[in-house]
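Peer 1: To start, I am sharing the structure in question, which I have written as structure tokens.
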Amino acid sequence: MRGILRIIENIIVYYDKILLTLTAYLIILQKMKFSKNLFLSLVVFLAFVSCQTRVVSPNRPMRDNSVELYKKYTIQTKDAKTQKVEVLKVDNTKIYGKNKAGGMVEIEKSEVREIRKPDVISSVIVVLAAVAAVVFIPI
């Protein structure tokens with residue numbers, strides 16, 4: 001039940017963003033006379049690259065249950081370094097994880113600026129909305 005509520009919350013948060021993005025893409029497409037396949041490819045690419053849920057940010061501070069173990073996150077520190085890690089352990093002062101190369105990473109909690117996790121459901125919704133827009137709106 002908790003997971004379903006989180007999914008619904010993410011959909012509501014990204015709903016406005018999705019509509020604005022699709023509207024902008026359609027306007028660009030109409031003005032520049034691109035083909036539907038190019039538009040669809042662009043939307044699919046951007047959807048899978050950009051849809052991430054912000055778990056920790058300057059406005060949403062880190063709590064004990066903000067980060068789940070054995071999940072992949074993109075962590076940005078205060079010195080603007082970004083690392084993609086699979087979180088293995090979290091204690092009072094540090095986040096321990098493994099990067100793509102298999103190396104162990106330790107990040108101080110006090111140095112974390114932002115943590116994002118991939119949001120596949122929002123990506124799928126954006127892609128489906130883009131496909132529907134391309135199919136049903138004449139260009």
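FYI, nothing fancy with the structure tokens labels: chains A, B, ... in order, residues from 1 per chain, ligands from 1 as they appear.
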Which residues are near A:Leu88? Cut-off 8 Å, only C-alpha atoms, ignore same chain within fewer than 4 positions. Put them as a PDB file with N, CA, C and O atoms, in the first residue's frame.

Peer 2:
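Output contents, as saved in result-v8.pdb:
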ATOM      1  N   LEU A  69      17.990   0.778   1.110  1.00  0.00           N
ATOM      2  CA  LEU A  69      19.179  -0.025   0.839  1.00  0.00           C
ATOM      3  C   LEU A  69      19.010  -0.821  -0.444  1.00  0.00           C
ATOM      4  O   LEU A  69      17.901  -1.232  -0.804  1.00  0.00           O
ATOM      5  N   TYR A  70      20.131  -1.031  -1.128  1.00  0.00           N
ATOM      6  CA  TYR A  70      20.228  -1.822  -2.357  1.00  0.00           C
ATOM      7  C   TYR A  70      19.426  -1.234  -3.514  1.00  0.00           C
ATOM      8  O   TYR A  70      19.038  -1.928  -4.431  1.00  0.00           O
ATOM      9  N   ILE A  95      26.883   7.651   4.051  1.00  0.00           N
ATOM     10  CA  ILE A  95      26.174   6.749   3.144  1.00  0.00           C
ATOM     11  C   ILE A  95      27.245   5.930   2.434  1.00  0.00           C
ATOM     12  O   ILE A  95      28.179   6.483   1.854  1.00  0.00           O
ATOM     13  N   TYR A  96      27.122   4.619   2.506  1.00  0.00           N
ATOM     14  CA  TYR A  96      28.088   3.724   1.884  1.00  0.00           C
ATOM     15  C   TYR A  96      27.427   3.079   0.669  1.00  0.00           C
ATOM     16  O   TYR A  96      26.272   2.647   0.730  1.00  0.00           O
ATOM     17  N   GLY A  97      28.153   3.038  -0.437  1.00  0.00           N
ATOM     18  CA  GLY A  97      27.576   2.459  -1.634  1.00  0.00           C
ATOM     19  C   GLY A  97      28.633   1.941  -2.577  1.00  0.00           C
ATOM     20  O   GLY A  97      29.834   1.999  -2.308  1.00  0.00           O
ATOM     21  N   LYS A  98      28.151   1.440  -3.709  1.00  0.00           N
ATOM     22  CA  LYS A  98      29.020   0.883  -4.732  1.00  0.00           C
ATOM     23  C   LYS A  98      28.705   1.602  -6.041  1.00  0.00           C
ATOM     24  O   LYS A  98      27.537   1.717  -6.427  1.00  0.00           O
TER      25      LYS A  98
END

Peer 1: If you count only C-alpha atoms, which residues fall within 10 Å of A:Glu68, apart from same-chain ones fewer than 2 positions away, as an mmCIF file with N, CA and C atoms, in the first residue's frame?

Peer 2:
data_model
loop_
_atom_site.group_PDB
_atom_site.id
_atom_site.type_symbol
_atom_site.label_atom_id
_atom_site.label_comp_id
_atom_site.auth_asym_id
_atom_site.auth_seq_id
_atom_site.Cartn_x
_atom_site.Cartn_y
_atom_site.Cartn_z
ATOM 1 N N ASP A 64 15.919 9.547 8.255
ATOM 2 C CA ASP A 64 16.466 8.199 8.399
ATOM 3 C C ASP A 64 15.976 7.249 7.307
ATOM 4 N N ASN A 65 14.743 7.405 6.853
ATOM 5 C CA ASN A 65 14.202 6.482 5.857
ATOM 6 C C ASN A 65 14.157 7.077 4.457
ATOM 7 N N SER A 66 14.922 8.124 4.200
ATOM 8 C CA SER A 66 14.920 8.755 2.876
ATOM 9 C C SER A 66 15.527 7.856 1.807
ATOM 10 N N TYR A 70 20.131 -1.031 -1.128
ATOM 11 C CA TYR A 70 20.228 -1.822 -2.357
ATOM 12 C C TYR A 70 19.426 -1.234 -3.514
ATOM 13 N N LYS A 71 19.176 0.063 -3.479
ATOM 14 C CA LYS A 71 18.545 0.773 -4.584
ATOM 15 C C LYS A 71 19.589 1.713 -5.186
ATOM 16 N N LYS A 72 19.416 2.045 -6.466
ATOM 17 C CA LYS A 72 20.370 2.918 -7.147
ATOM 18 C C LYS A 72 19.895 4.363 -7.062
ATOM 19 N N TYR A 73 20.839 5.252 -6.753
ATOM 20 C CA TYR A 73 20.556 6.671 -6.605
ATOM 21 C C TYR A 73 21.642 7.490 -7.287
ATOM 22 N N GLU A 86 24.802 2.469 -5.827
ATOM 23 C CA GLU A 86 23.839 1.561 -5.222
ATOM 24 C C GLU A 86 24.118 1.603 -3.725
ATOM 25 N N VAL A 87 23.156 2.044 -2.949
ATOM 26 C CA VAL A 87 23.361 2.236 -1.515
ATOM 27 C C VAL A 87 23.394 0.882 -0.810
ATOM 28 N N LEU A 88 24.470 0.638 -0.064
ATOM 29 C CA LEU A 88 24.633 -0.613 0.652
ATOM 30 C C LEU A 88 24.392 -0.475 2.148
ATOM 31 N N LYS A 89 24.736 0.699 2.693
ATOM 32 C CA LYS A 89 24.605 0.907 4.134
ATOM 33 C C LYS A 89 24.467 2.392 4.418
ATOM 34 N N VAL A 90 23.675 2.718 5.422
ATOM 35 C CA VAL A 90 23.522 4.108 5.856
ATOM 36 C C VAL A 90 23.648 4.132 7.371
#

Peer 1: Quote the spacing between atom CA of A:Pro118 and atom CA of A:Val67 in Å to one decimal place.

Peer 2: 12.7 Å

Peer 1: Counting only C-alpha atoms, which of A:Ile125, A:Ala80, A:Ala132, A:Val85 gets nearest to A:Val105?

Peer 2: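 Counting only C-alpha atoms, the residue closest to A:Val105 is A:Val85.
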
Peer 1: Between atom CA of A:Pro61 and atom CA of A:Asp91, what is the spacing in Å?

Peer 2: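 Answer for the atom CA of A:Asp91 to atom CA of A:Pro61 separation: 15.8 Å.
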
Peer 1: Under the rule that only C-alpha atoms are counted, which of A:Arg54, A:Lys109, A:Arg63, A:Arg116 is the nearest residue to A:Lys78?

Peer 2: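 Result for the nearest residue to A:Lys78: A:Lys109.
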
Peer 1: Could you work out how far atom CA of A:Lys84 lies from atom CA of A:Arg60, giving the answer in Å with one decimal?

Peer 2: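 Distance reported for this atom pair: 19.7 Å.
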
Peer 1: With distances taken over only C-alpha atoms, which of A:Val55, A:Ile107, A:Leu128, A:Ala101 is nearest to A:Thr77?

Peer 2: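 Smallest separation from A:Thr77 among the options: A:Ile107.
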
Peer 1: Tell me which protein, DNA and RNA residues are within 7 Å of A:Gln76, counting only C-alpha atoms, leaving out same-chain ones fewer than 6 positions away, and put them as a VMD selection string.

Peer 2: chain A and resid 82 to 83 112 to 115
